[in-house]
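entry19.txt, holding compact mmCIF, C-alpha atoms:
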```
# COMPACT_ATOMS: atom_id res chain seq x y z
CA MET F 278 -12.96 13.28 22.50
CA ALA F 279 -15.07 10.14 22.64
CA ALA F 280 -13.44 6.78 22.03
CA VAL F 281 -13.80 5.06 18.68
CA ARG F 282 -16.72 2.60 18.66
CA LEU F 283 -16.41 -0.69 16.80
CA ILE F 284 -19.34 -1.47 14.50
CA SER F 285 -18.14 -4.56 12.63
CA THR F 286 -15.07 -6.62 11.77
CA SER F 287 -14.80 -8.85 8.71
CA THR F 288 -12.37 -10.44 6.28
CA VAL F 289 -12.33 -9.44 2.62
CA HIS F 290 -10.95 -11.87 0.05
CA ALA F 291 -9.80 -11.28 -3.50
CA ALA F 292 -12.60 -11.59 -6.02
CA ASN F 293 -12.61 -14.61 -8.36
CA GLY F 294 -10.12 -16.45 -6.14
CA ARG F 295 -7.08 -15.35 -8.14
CA ALA F 296 -4.98 -14.99 -4.97
CA SER F 297 -5.35 -18.66 -4.09
CA SER F 298 -1.99 -20.03 -5.14
CA GLY F 299 1.57 -19.05 -5.91
CA ARG F 300 4.42 -17.52 -3.96
CA ILE F 301 6.61 -14.46 -4.26
CA GLU F 302 10.18 -14.80 -3.00
CA LEU F 303 11.21 -11.71 -1.03
CA ASN F 304 14.48 -9.89 -1.60
CA THR F 305 16.94 -7.94 0.54
CA TRP F 306 14.98 -4.69 0.42
CA ASP F 307 11.88 -6.48 1.71
CA ILE F 308 13.42 -8.68 4.41
CA ARG F 309 15.25 -5.78 6.06
CA LYS F 310 11.85 -4.36 7.15
CA LEU F 311 10.85 -7.36 9.31
CA GLN F 312 11.47 -5.68 12.65
CA ILE F 313 9.58 -2.40 12.20
CA GLY F 314 5.85 -1.70 11.96
CA TYR F 315 3.24 -1.47 9.23
CA ILE F 316 2.88 1.61 7.04
CA GLN F 317 -0.20 3.52 8.25
CA LYS F 318 -1.66 6.39 6.25
CA GLY F 319 -5.26 7.55 5.94
CA LEU F 320 -7.54 9.87 4.01
CA LEU F 321 -10.11 12.25 5.51
CA PHE F 322 -13.20 12.87 3.38
CA PRO F 323 -16.41 14.84 3.74
CA LYS F 324 -19.37 12.56 4.33
CA PRO F 325 -20.90 11.24 1.08
CA LYS F 326 -24.37 12.42 0.23
CA LEU F 327 -27.33 10.03 0.20
CA PRO F 328 -28.21 7.60 -1.35
CA LEU F 329 -24.58 6.33 -1.29
CA GLN F 330 -24.71 5.87 2.48
CA TYR F 331 -27.84 3.88 3.34
CA ASN F 332 -30.82 2.11 1.87
CA SER F 333 -33.27 -0.46 3.19
CA SER F 334 -30.61 -3.20 3.10
CA GLY F 335 -28.10 -1.36 5.27
CA ASN F 336 -24.93 0.72 4.84
CA MET F 337 -24.39 0.88 1.08
CA LEU F 338 -21.10 2.78 1.40
CA ILE F 339 -19.47 0.01 3.45
CA HIS F 340 -20.84 -2.63 1.06
CA HIS F 341 -19.51 -0.65 -1.91
CA LEU F 342 -16.05 -0.23 -0.35
CA LYS F 343 -15.83 -3.93 0.53
CA THR F 344 -16.85 -4.95 -2.97
CA SER F 345 -14.44 -2.58 -4.69
CA LEU F 346 -11.68 -3.66 -2.28
CA SER F 347 -12.29 -7.31 -3.20
CA HIS F 348 -12.01 -6.47 -6.90
CA THR F 349 -8.82 -4.49 -6.23
CA LEU F 350 -7.31 -7.45 -4.37
CA HIS F 351 -7.88 -9.50 -7.49
CA CYS F 352 -5.23 -7.24 -9.04
CA PHE F 353 -3.11 -7.24 -5.86
CA PRO F 354 -3.14 -10.92 -4.75
CA LEU F 355 0.00 -10.45 -2.69
CA LEU F 356 -1.88 -8.26 -0.18
CA ALA F 357 -4.48 -10.98 0.47
CA GLY F 358 -1.76 -13.47 1.39
CA ARG F 359 0.55 -14.05 4.36
CA LEU F 360 4.29 -14.01 4.99
CA ALA F 361 5.88 -17.46 5.12
CA THR F 362 9.31 -18.98 5.68
CA THR F 363 11.34 -21.93 4.44
CA GLN F 364 13.77 -23.59 6.84
CA HIS F 365 16.79 -24.94 4.97
CA GLU F 366 19.07 -27.82 5.95
CA ASP F 367 22.11 -25.56 6.37
CA ASP F 368 20.45 -23.65 9.25
CA THR F 369 19.40 -20.79 6.99
CA ILE F 370 15.96 -19.35 6.42
CA SER F 371 14.26 -17.61 3.50
CA PHE F 372 11.08 -15.55 3.30
CA PHE F 373 8.28 -15.40 0.77
CA VAL F 374 4.66 -14.30 0.42
CA ASP F 375 2.17 -17.13 0.23
CA CYS F 376 -0.59 -15.83 -2.08
CA ASN F 377 -3.24 -17.99 -0.38
CA ASN F 378 -6.13 -15.48 -0.34
CA ALA F 379 -6.34 -15.67 3.44
CA GLY F 380 -7.85 -12.19 3.15
CA VAL F 381 -7.46 -8.72 4.58
CA LEU F 382 -8.90 -7.17 7.73
CA PHE F 383 -11.82 -4.79 7.24
CA ILE F 384 -13.14 -2.78 10.19
CA HIS F 385 -16.10 -0.41 10.29
CA ALA F 386 -16.05 1.96 13.26
CA ALA F 387 -17.45 5.29 14.41
CA ALA F 388 -16.06 8.27 16.30
CA ASP F 389 -19.34 9.58 17.67
CA GLY F 390 -19.56 13.36 17.78
CA VAL F 391 -16.09 13.90 16.29
CA THR F 392 -16.08 16.36 13.38
CA ILE F 393 -13.66 17.12 10.56
CA SER F 394 -12.74 20.34 12.35
CA ASP F 395 -11.84 18.35 15.47
CA ILE F 396 -9.24 16.53 13.37
CA ILE F 397 -7.72 19.30 11.25
CA LYS F 398 -8.07 22.45 13.37
CA PRO F 399 -6.03 21.70 16.54
CA VAL F 400 -2.36 22.71 16.61
CA TYR F 401 -1.35 19.15 17.41
CA VAL F 402 -2.76 16.06 15.70
CA PRO F 403 -5.40 14.64 18.10
CA SER F 404 -4.44 11.28 19.59
CA ILE F 405 -7.81 9.82 18.51
CA VAL F 406 -6.46 9.74 14.93
CA HIS F 407 -4.30 6.76 15.89
CA SER F 408 -7.53 4.88 16.65
CA PHE F 409 -8.60 5.31 13.02
CA PHE F 410 -6.20 2.52 11.98
CA SER F 411 -6.19 -1.25 12.34
CA LEU F 412 -3.30 -3.61 13.09
CA ASN F 413 -1.82 -1.16 15.60
CA GLY F 414 1.34 -2.22 17.38
CA LEU F 415 2.16 -5.09 15.00
CA HIS F 416 5.68 -5.64 13.72
CA ASN F 417 5.99 -6.77 10.13
CA TYR F 418 7.16 -10.29 10.98
CA LYS F 419 3.70 -10.86 12.48
CA GLY F 420 2.48 -10.98 8.90
CA ILE F 421 3.06 -14.73 9.11
CA THR F 422 -0.13 -15.05 11.20
CA HIS F 423 -1.82 -11.66 10.66
CA PRO F 424 -3.19 -9.92 7.56
CA LEU F 425 -0.75 -8.00 5.40
CA LEU F 426 -3.40 -5.32 4.84
CA GLY F 427 -5.88 -3.78 7.23
CA ILE F 428 -8.57 -1.26 6.27
CA GLN F 429 -10.60 0.73 8.80
CA ILE F 430 -13.51 2.96 7.80
CA THR F 431 -14.34 5.37 10.62
CA ASP F 432 -17.55 7.39 10.49
CA LEU F 433 -17.26 10.96 11.80
CA ALA F 434 -20.14 13.33 12.50
CA ASP F 435 -19.62 15.03 9.13
CA GLY F 436 -16.96 12.92 7.45
CA ILE F 437 -15.36 9.56 6.69
CA PHE F 438 -11.80 8.47 7.44
CA ILE F 439 -10.27 5.63 5.42
CA GLY F 440 -7.28 4.26 7.34
CA CYS F 441 -4.93 1.85 5.57
CA SER F 442 -2.24 -0.32 7.21
CA ILE F 443 0.11 -2.31 4.94
CA ASN F 444 2.93 -4.61 6.01
CA HIS F 445 6.18 -2.81 5.16
CA VAL F 446 7.87 -6.06 4.11
CA VAL F 447 5.65 -6.26 1.03
CA ALA F 448 5.40 -2.56 0.11
CA ASP F 449 7.27 0.72 0.37
CA GLY F 450 5.65 4.15 0.29
CA ALA F 451 5.37 4.24 -3.50
CA SER F 452 3.65 0.84 -3.51
CA PHE F 453 1.38 1.83 -0.60
CA TRP F 454 -0.04 4.75 -2.59
CA HIS F 455 -0.07 2.67 -5.77
CA PHE F 456 -2.53 0.34 -4.04
CA LEU F 457 -4.72 3.17 -2.68
CA ASN F 458 -4.73 4.91 -6.07
CA SER F 459 -5.85 1.64 -7.68
CA TRP F 460 -8.57 0.97 -5.11
CA SER F 461 -9.99 4.47 -5.55
CA GLU F 462 -9.97 3.99 -9.35
CA ILE F 463 -11.98 0.77 -9.07
CA SER F 464 -14.28 2.25 -6.42
CA LYS F 465 -15.07 5.10 -8.78
CA GLY F 466 -16.00 2.71 -11.58
CA SER F 467 -12.86 1.81 -13.52
CA ILE F 468 -12.72 -1.74 -14.87
CA TYR F 469 -9.02 -1.69 -15.75
CA LEU F 470 -6.17 -0.23 -13.72
CA SER F 471 -4.23 2.65 -15.22
CA LYS F 472 -1.07 1.25 -13.57
CA PRO F 473 -1.15 -2.57 -13.19
CA PRO F 474 1.32 -3.70 -10.49
CA VAL F 475 4.40 -5.86 -11.08
CA PHE F 476 5.06 -8.21 -8.15
CA GLN F 477 8.04 -10.24 -9.34
CA ARG F 478 10.97 -9.20 -7.15
CA TRP F 479 14.18 -7.80 -8.61
CA PHE F 480 17.42 -9.69 -7.96
CA PRO F 481 20.89 -8.93 -9.38
CA ASP F 482 22.01 -11.26 -12.17
CA GLY F 483 23.67 -14.38 -10.82
CA MET F 484 22.34 -14.06 -7.28
CA ASP F 485 20.99 -17.20 -5.63
CA ILE F 486 17.22 -17.24 -5.16
CA PRO F 487 15.72 -17.45 -2.61
CA ILE F 488 17.87 -15.28 -0.38
CA ARG F 489 18.98 -17.37 2.58
CA ILE F 490 20.21 -15.86 5.81
CA PRO F 491 21.41 -17.58 9.02
CA GLN F 492 18.54 -18.43 11.34
CA SER F 493 20.62 -17.06 14.23
CA CYS F 494 20.29 -13.58 12.70
CA VAL F 495 16.51 -13.67 12.67
CA ASN F 496 15.66 -13.28 16.34
CA VAL F 497 12.84 -10.98 15.36
CA GLU F 498 10.77 -11.84 18.43
CA GLN F 499 13.52 -10.37 20.61
CA ASN F 500 13.98 -7.14 18.69
CA ASN F 501 12.00 -3.93 19.13
CA GLU F 502 9.65 -5.65 21.59
CA ASP F 503 11.09 -3.45 24.32
CA PHE F 504 10.56 -0.28 22.29
CA ILE F 505 8.12 1.96 24.17
CA LEU F 506 6.37 4.74 22.30
CA PRO F 507 7.63 7.93 23.97
CA PRO F 508 5.33 10.84 24.91
CA VAL F 509 5.70 12.53 21.54
CA ARG F 510 3.21 14.75 19.76
CA GLU F 511 2.64 15.42 16.08
CA ARG F 512 2.12 18.73 14.33
CA ILE F 513 1.49 19.45 10.66
CA PHE F 514 3.58 22.29 9.25
CA HIS F 515 2.33 23.61 5.90
CA PHE F 516 4.72 25.14 3.37
CA SER F 517 3.33 26.99 0.36
CA LYS F 518 4.80 26.65 -3.12
CA GLU F 519 5.88 30.30 -2.97
CA ASN F 520 7.79 29.91 0.30
CA ILE F 521 9.41 26.67 -0.83
CA THR F 522 10.61 28.45 -3.97
CA LYS F 523 12.18 31.15 -1.78
CA LEU F 524 13.96 28.53 0.33
CA LYS F 525 15.31 26.81 -2.76
CA ALA F 526 16.64 30.09 -4.17
CA LYS F 527 18.29 30.93 -0.84
CA ALA F 528 19.98 27.53 -0.50
CA ASN F 529 21.33 27.62 -4.06
CA ALA F 530 22.54 31.22 -3.69
CA GLU F 531 24.44 30.33 -0.51
CA MET F 532 26.30 27.53 -2.32
CA GLY F 533 26.66 29.20 -5.73
CA THR F 534 24.80 26.42 -7.54
CA ASP F 535 21.43 25.64 -9.08
CA LYS F 536 21.40 21.90 -8.28
CA ILE F 537 19.76 21.97 -4.81
CA SER F 538 16.13 20.87 -5.09
CA SER F 539 13.12 22.41 -3.38
CA LEU F 540 12.75 19.38 -1.11
CA GLN F 541 16.43 19.37 -0.12
CA ALA F 542 16.19 23.04 0.85
CA LEU F 543 13.00 22.45 2.83
CA LEU F 544 14.39 19.45 4.72
CA SER F 545 17.53 21.40 5.54
CA HIS F 546 15.37 24.21 6.92
CA ILE F 547 13.42 21.94 9.27
CA TRP F 548 16.56 19.98 10.27
CA ARG F 549 18.29 23.18 11.40
CA SER F 550 15.28 24.31 13.42
CA ALA F 551 14.77 20.93 15.07
CA ILE F 552 18.39 20.64 16.19
CA HIS F 553 18.52 24.26 17.32
CA ASN F 554 15.38 23.82 19.41
CA ARG F 555 16.36 20.46 20.87
CA SER F 556 19.32 22.13 22.62
CA PHE F 557 21.98 19.82 21.20
CA ASP F 558 25.56 20.18 22.41
CA PRO F 559 27.27 22.32 19.72
CA ASP F 560 29.94 19.64 19.17
CA GLN F 561 27.47 16.75 19.09
CA GLU F 562 27.02 15.05 15.76
CA THR F 563 23.51 14.84 14.36
CA ASN F 564 22.27 12.62 11.54
CA TYR F 565 19.57 13.22 8.99
CA ARG F 566 18.36 9.89 7.61
CA PHE F 567 16.34 9.60 4.41
CA VAL F 568 15.69 7.07 1.67
CA VAL F 569 16.69 7.06 -1.97
CA GLY F 570 14.55 5.30 -4.56
CA ALA F 571 15.77 2.46 -6.79
CA ARG F 572 13.04 2.59 -9.43
CA GLN F 573 14.62 5.52 -11.25
CA ARG F 574 18.14 4.02 -10.97
CA PHE F 575 17.51 0.65 -12.64
CA GLN F 576 16.01 0.31 -16.10
CA GLU F 577 14.85 -3.21 -15.23
CA ILE F 578 12.79 -1.98 -12.24
CA PRO F 579 9.58 -0.47 -13.67
CA ASP F 580 7.70 2.42 -12.12
CA ASN F 581 4.83 0.04 -11.28
CA TYR F 582 7.12 -2.36 -9.36
CA PHE F 583 5.18 -3.35 -6.22
CA GLY F 584 7.47 -3.99 -3.27
CA ASN F 585 10.37 -2.26 -1.54
CA ALA F 586 12.79 -0.45 -3.82
CA ILE F 587 14.49 2.01 -1.48
CA LEU F 588 17.84 2.37 0.25
CA GLY F 589 18.45 4.32 3.45
CA THR F 590 21.29 6.81 3.64
CA PHE F 591 22.21 9.77 5.83
CA VAL F 592 24.05 13.07 6.24
CA THR F 593 26.07 13.77 9.40
CA MET F 594 26.97 17.23 10.72
CA LYS F 595 27.92 18.74 14.04
CA ALA F 596 25.07 20.69 15.60
CA LYS F 597 27.05 23.94 15.62
CA GLU F 598 28.01 23.53 11.97
CA LEU F 599 24.43 22.78 10.96
CA VAL F 600 22.87 25.74 12.78
CA GLU F 601 25.48 28.38 11.99
CA GLN F 602 26.18 27.71 8.31
CA GLY F 603 22.73 28.31 6.84
CA ILE F 604 20.45 25.97 4.92
CA GLY F 605 22.64 25.84 1.81
CA ASN F 606 25.46 23.79 3.32
CA SER F 607 23.30 20.99 4.73
CA ALA F 608 21.07 20.97 1.63
CA TRP F 609 24.12 20.66 -0.59
CA ARG F 610 25.41 17.71 1.45
CA MET F 611 22.05 15.97 0.99
CA ASN F 612 22.27 16.66 -2.72
CA ARG F 613 25.76 15.13 -2.98
CA ILE F 614 24.81 12.01 -1.01
CA ILE F 615 21.80 11.43 -3.25
CA ALA F 616 23.87 11.99 -6.41
CA ALA F 617 26.45 9.47 -5.17
CA THR F 618 23.79 6.81 -4.53
CA THR F 619 23.94 5.06 -7.89
CA GLY F 620 22.55 1.80 -9.14
CA GLU F 621 25.93 0.21 -8.42
CA SER F 622 25.82 1.26 -4.77
CA PHE F 623 22.32 -0.20 -4.47
CA LYS F 624 23.54 -3.43 -6.05
CA LYS F 625 26.57 -3.70 -3.75
CA VAL F 626 24.49 -3.34 -0.59
CA PHE F 627 21.95 -5.82 -1.97
CA GLU F 628 24.55 -8.49 -2.75
CA CYS F 629 26.57 -8.14 0.47
CA TRP F 630 23.60 -8.13 2.85
CA PRO F 631 22.85 -11.89 3.10
CA ALA F 632 26.36 -12.62 4.42
CA SER F 633 25.95 -10.12 7.25
CA PRO F 634 22.24 -9.30 7.65
CA SER F 635 21.12 -6.15 9.44
CA PHE F 636 17.57 -4.96 9.90
CA VAL F 637 15.90 -1.56 10.00
CA THR F 638 15.07 -0.79 13.64
CA LEU F 639 13.37 1.97 15.59
CA SER F 640 15.35 4.57 17.53
CA ASN F 641 14.60 7.53 19.75
CA GLY F 642 16.05 10.98 19.26
CA GLU F 643 19.34 9.83 17.72
CA ALA F 644 18.58 11.37 14.35
CA LEU F 645 15.95 12.97 12.21
CA ILE F 646 14.33 10.50 9.85
CA THR F 647 12.21 11.27 6.81
CA SER F 648 9.46 8.95 5.64
CA SER F 649 7.02 9.16 2.74
CA SER F 650 7.30 11.65 -0.12
CA PRO F 651 5.35 14.66 -1.42
CA ARG F 652 5.64 13.13 -4.89
CA PHE F 653 3.07 10.43 -4.11
CA ASN F 654 -0.45 10.90 -5.44
CA MET F 655 -2.42 11.39 -2.21
CA TYR F 656 -5.13 13.93 -2.99
CA GLY F 657 -6.05 12.20 -6.26
CA ASN F 658 -7.77 9.36 -4.37
CA ASP F 659 -11.42 9.91 -5.27
CA PHE F 660 -13.51 6.86 -4.29
CA GLY F 661 -16.60 8.27 -5.94
CA TRP F 662 -17.72 11.17 -3.75
CA GLY F 663 -14.84 13.65 -4.08
CA LYS F 664 -11.20 14.04 -3.18
CA PRO F 665 -9.82 13.89 0.39
CA ILE F 666 -9.38 17.07 2.39
CA ALA F 667 -6.51 15.91 4.61
CA ILE F 668 -3.96 13.10 5.07
CA ARG F 669 -3.01 11.70 8.47
CA SER F 670 -0.90 8.79 9.74
CA GLY F 671 -1.17 6.16 12.49
CA SER F 672 1.03 5.44 15.49
CA SER F 673 3.25 2.89 13.75
CA ASN F 674 6.99 3.65 13.59
CA LYS F 675 6.61 6.91 15.52
CA PHE F 676 9.33 8.27 17.77
CA ASP F 677 11.10 11.53 18.54
CA GLY F 678 12.52 12.85 15.29
CA VAL F 679 10.28 11.35 12.59
CA LEU F 680 9.26 13.68 9.75
CA THR F 681 6.49 12.41 7.48
CA LEU F 682 6.17 14.17 4.13
CA TYR F 683 2.90 14.78 2.30
CA CYS F 684 1.99 16.76 -0.77
CA GLY F 685 -0.19 19.69 0.20
CA ALA F 686 -3.76 20.13 -0.96
CA GLU F 687 -2.64 23.09 -3.10
CA GLU F 688 -0.42 22.23 -6.05
CA GLY F 689 3.27 22.60 -5.25
CA SER F 690 2.78 22.90 -1.49
CA ILE F 691 4.16 20.42 1.04
CA ASP F 692 2.94 19.35 4.48
CA ILE F 693 5.42 17.95 7.00
CA GLU F 694 4.12 15.99 9.96
CA ALA F 695 6.77 16.54 12.65
CA CYS F 696 6.87 14.03 15.50
CA PHE F 697 8.83 15.40 18.47
CA PHE F 698 8.60 15.81 22.20
CA PRO F 699 6.12 18.62 23.02
CA GLU F 700 8.84 20.97 24.26
CA THR F 701 10.64 20.74 20.91
CA LEU F 702 7.47 21.46 18.93
CA GLU F 703 6.68 24.40 21.19
CA ALA F 704 10.18 25.81 20.74
CA MET F 705 9.94 25.42 16.96
CA ALA F 706 6.62 27.27 16.99
CA ASN F 707 8.43 30.17 18.71
CA ASP F 708 11.36 30.04 16.28
CA GLN F 709 10.70 33.06 14.06
CA GLU F 710 13.25 32.06 11.43
CA PHE F 711 11.55 28.68 11.01
CA MET F 712 7.94 29.84 11.26
CA HIS F 713 8.54 32.67 8.79
CA ILE F 714 8.41 30.04 6.05
CA VAL F 715 5.45 28.14 7.52
CA THR F 716 1.96 29.00 6.31
CA VAL F 717 -0.31 29.02 9.35
```
Mind converting the file's structure to structure tokens?
Amino acid sequence: MAAVRLISTSTVHAANGRASSGRIELNTWDIRKLQIGYIQKGLLFPKPKLPLQYNSSGNMLIHHLKTSLSHTLHCFPLLAGRLATTQHEDDTISFFVDCNNAGVLFIHAAADGVTISDIIKPVYVPSIVHSFFSLNGLHNYKGITHPLLGIQITDLADGIFIGCSINHVVADGASFWHFLNSWSEISKGSIYLSKPPVFQRWFPDGMDIPIRIPQSCVNVEQNNEDFILPPVRERIFHFSKENITKLKAKANAEMGTDKISSLQALLSHIWRSAIHNRSFDPDQETNYRFVVGARQRFQEIPDNYFGNAILGTFVTMKAKELVEQGIGNSAWRMNRIIAATTGESFKKVFECWPASPSFVTLSNGEALITSSSPRFNMYGNDFGWGKPIAIRSGSSNKFDGVLTLYCGAEEGSIDIEACFFPETLEAMANDQEFMHIVTV
């Protein structure tokens, strides 16, 4: 495929200058993300019909998207700012967002001759998709000198791709889609947001604000810089609502319960196949890492809380045990871990972290890791010319073993973007037990 051609680069500021003052102190959940990359997700649309595209004054679509983005930033001033630090006299450091309206990156590009079919038809996600995103290769701590939000609009021969990159320190997956949902609302003509964001960070009662950590712990420039993106590939596996229902019934029947969810059964299914087809030593332990949300565990954290409100946890099993015991056992273990992750456990980790800070880092092949969620509103993003036809992600935070979850285009279906070495993906494609549940 042809390379992506740059048409223009500009900076978009919040309308009415609202994001020109103020600061938002960051909390534990935010600061832990300093050493990884931006969240990168994008929407593939059919090309809008004229006259939305061009008139005598130029590209009206790009002008419209910039204008609506500026109005959206008025409601999301944090995203138009920059990360900042305060050095304290006791050799500690704290982090905040300076809402200075420095602006966001806006790129207009073109993938000449590339069609929608070129993106969605191949077995593996084409590598050109990674070029549909801005701010590639940046770690979150670079948000001190770089935009916290980057938008790239890429023209295809018969479509449009809207790629969005958001600094993970200021937003988790729920907040990422909250912003895109809001932008699409305003782009389509809404004056008021259906879900206004709340930016004030949550802190446990009695905790000192801002959170100070030893400067010696924040050698961010020395961490993850040596991480080299391995030769992985990505493939989208589609699971219909009907097949997911069958998996859920099977998992619950195996364990004599009705508490295992559809998603837990599905993740157990793909975990077993991945480990089986990666030729793990039977006695080797394997981890499945996933995140649990805080919004539904704290009454004081509203659903429209904009920031990070997640806690990572994991299930560990020996490869032999995982593969031989069916999907019910591993799904049940996920269920129990999630049930045991209460508000109190969130609070304990939150309060203990400043005394012994640790950061989320990238790894290769040591575990399976789930990101994103099929519960996010992805296909509801109508900017004014129809809903998207596919969701894709960028190169950020990719390594062997990453599973990115999307809701499917059909209600109740789920798409899983599996990032593995090519030989693993090929073996999974030949795994009849796994593929029996996949809708090709």
Problem set entry | Point-to-point distance from atom CA of F:Ala528 to atom CA of F:Leu543, Å rounded to tenths |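 Those two atoms sit 9.3 Å apart.
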Problem set entry | Protein/DNA/RNA residues near (-5.5, 16.7, 6.2), cut 12 Å, only C-alpha atoms, as a ChimeraX atom specification | /F:318-323,393-399,402,406,438,512-515,655-656,664-670,683-687,691-694
Output the selection as a JSON list (two decimals), in the coordinates of the input - C-alpha atoms for each residue.
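Okay, this is what ended up in again_15.json:
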```
[["chain", "number", "residue", "atom", "x", "y", "z"],
["F", 318, "LYS", "CA", -1.66, 6.39, 6.25],
["F", 319, "GLY", "CA", -5.26, 7.55, 5.94],
["F", 320, "LEU", "CA", -7.54, 9.87, 4.01],
["F", 321, "LEU", "CA", -10.11, 12.25, 5.51],
["F", 322, "PHE", "CA", -13.20, 12.87, 3.38],
["F", 323, "PRO", "CA", -16.41, 14.84, 3.74],
["F", 393, "ILE", "CA", -13.66, 17.12, 10.56],
["F", 394, "SER", "CA", -12.74, 20.34, 12.35],
["F", 395, "ASP", "CA", -11.84, 18.35, 15.47],
["F", 396, "ILE", "CA", -9.24, 16.53, 13.37],
["F", 397, "ILE", "CA", -7.72, 19.30, 11.25],
["F", 398, "LYS", "CA", -8.07, 22.45, 13.37],
["F", 399, "PRO", "CA", -6.03, 21.70, 16.54],
["F", 402, "VAL", "CA", -2.76, 16.06, 15.70],
["F", 406, "VAL", "CA", -6.46, 9.74, 14.93],
["F", 438, "PHE", "CA", -11.80, 8.47, 7.44],
["F", 512, "ARG", "CA", 2.12, 18.73, 14.33],
["F", 513, "ILE", "CA", 1.49, 19.45, 10.66],
["F", 514, "PHE", "CA", 3.58, 22.29, 9.25],
["F", 515, "HIS", "CA", 2.33, 23.61, 5.90],
["F", 655, "MET", "CA", -2.42, 11.39, -2.21],
["F", 656, "TYR", "CA", -5.13, 13.93, -2.99],
["F", 664, "LYS", "CA", -11.20, 14.04, -3.18],
["F", 665, "PRO", "CA", -9.82, 13.89, 0.39],
["F", 666, "ILE", "CA", -9.38, 17.07, 2.39],
["F", 667, "ALA", "CA", -6.51, 15.91, 4.61],
["F", 668, "ILE", "CA", -3.96, 13.10, 5.07],
["F", 669, "ARG", "CA", -3.01, 11.70, 8.47],
["F", 670, "SER", "CA", -0.90, 8.79, 9.74],
["F", 683, "TYR", "CA", 2.90, 14.78, 2.30],
["F", 684, "CYS", "CA", 1.99, 16.76, -0.77],
["F", 685, "GLY", "CA", -0.19, 19.69, 0.20],
["F", 686, "ALA", "CA", -3.76, 20.13, -0.96],
["F", 687, "GLU", "CA", -2.64, 23.09, -3.10],
["F", 691, "ILE", "CA", 4.16, 20.42, 1.04],
["F", 692, "ASP", "CA", 2.94, 19.35, 4.48],
["F", 693, "ILE", "CA", 5.42, 17.95, 7.00],
["F", 694, "GLU", "CA", 4.12, 15.99, 9.96]]
```
Problem set entry | Two-atom distance - atom CA of F:Arg549, atom CA of F:Ser517 (Å) |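 These two atoms are separated by 19.0 Å.
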For this session: State, in Å with one decimal place, the distance from atom CA of F:Asn654 to atom CA of F:Ala451.
Result: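 Distance between the two atoms: 9.1 Å.
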Problem set entry | Shell around F:Lys324 at 12 Å using all atoms listed in the file, local window under 3 positions removed, as a ChimeraX atom specification | /F:321,327-330,338,392-393,430-439,660-666
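Considering all atoms listed in the file, the residue among F:Gly620, F:Gly605, F:Gly671, F:Pro491 positioned nearest to F:Ser635 is F:Pro491.
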Seminar exercise, completed: The residue from F:Trp630, F:Phe516, F:Phe583, F:Phe697 with the smallest atom-to-atom distance to F:Ile552, counting only C-alpha atoms, is F:Phe697
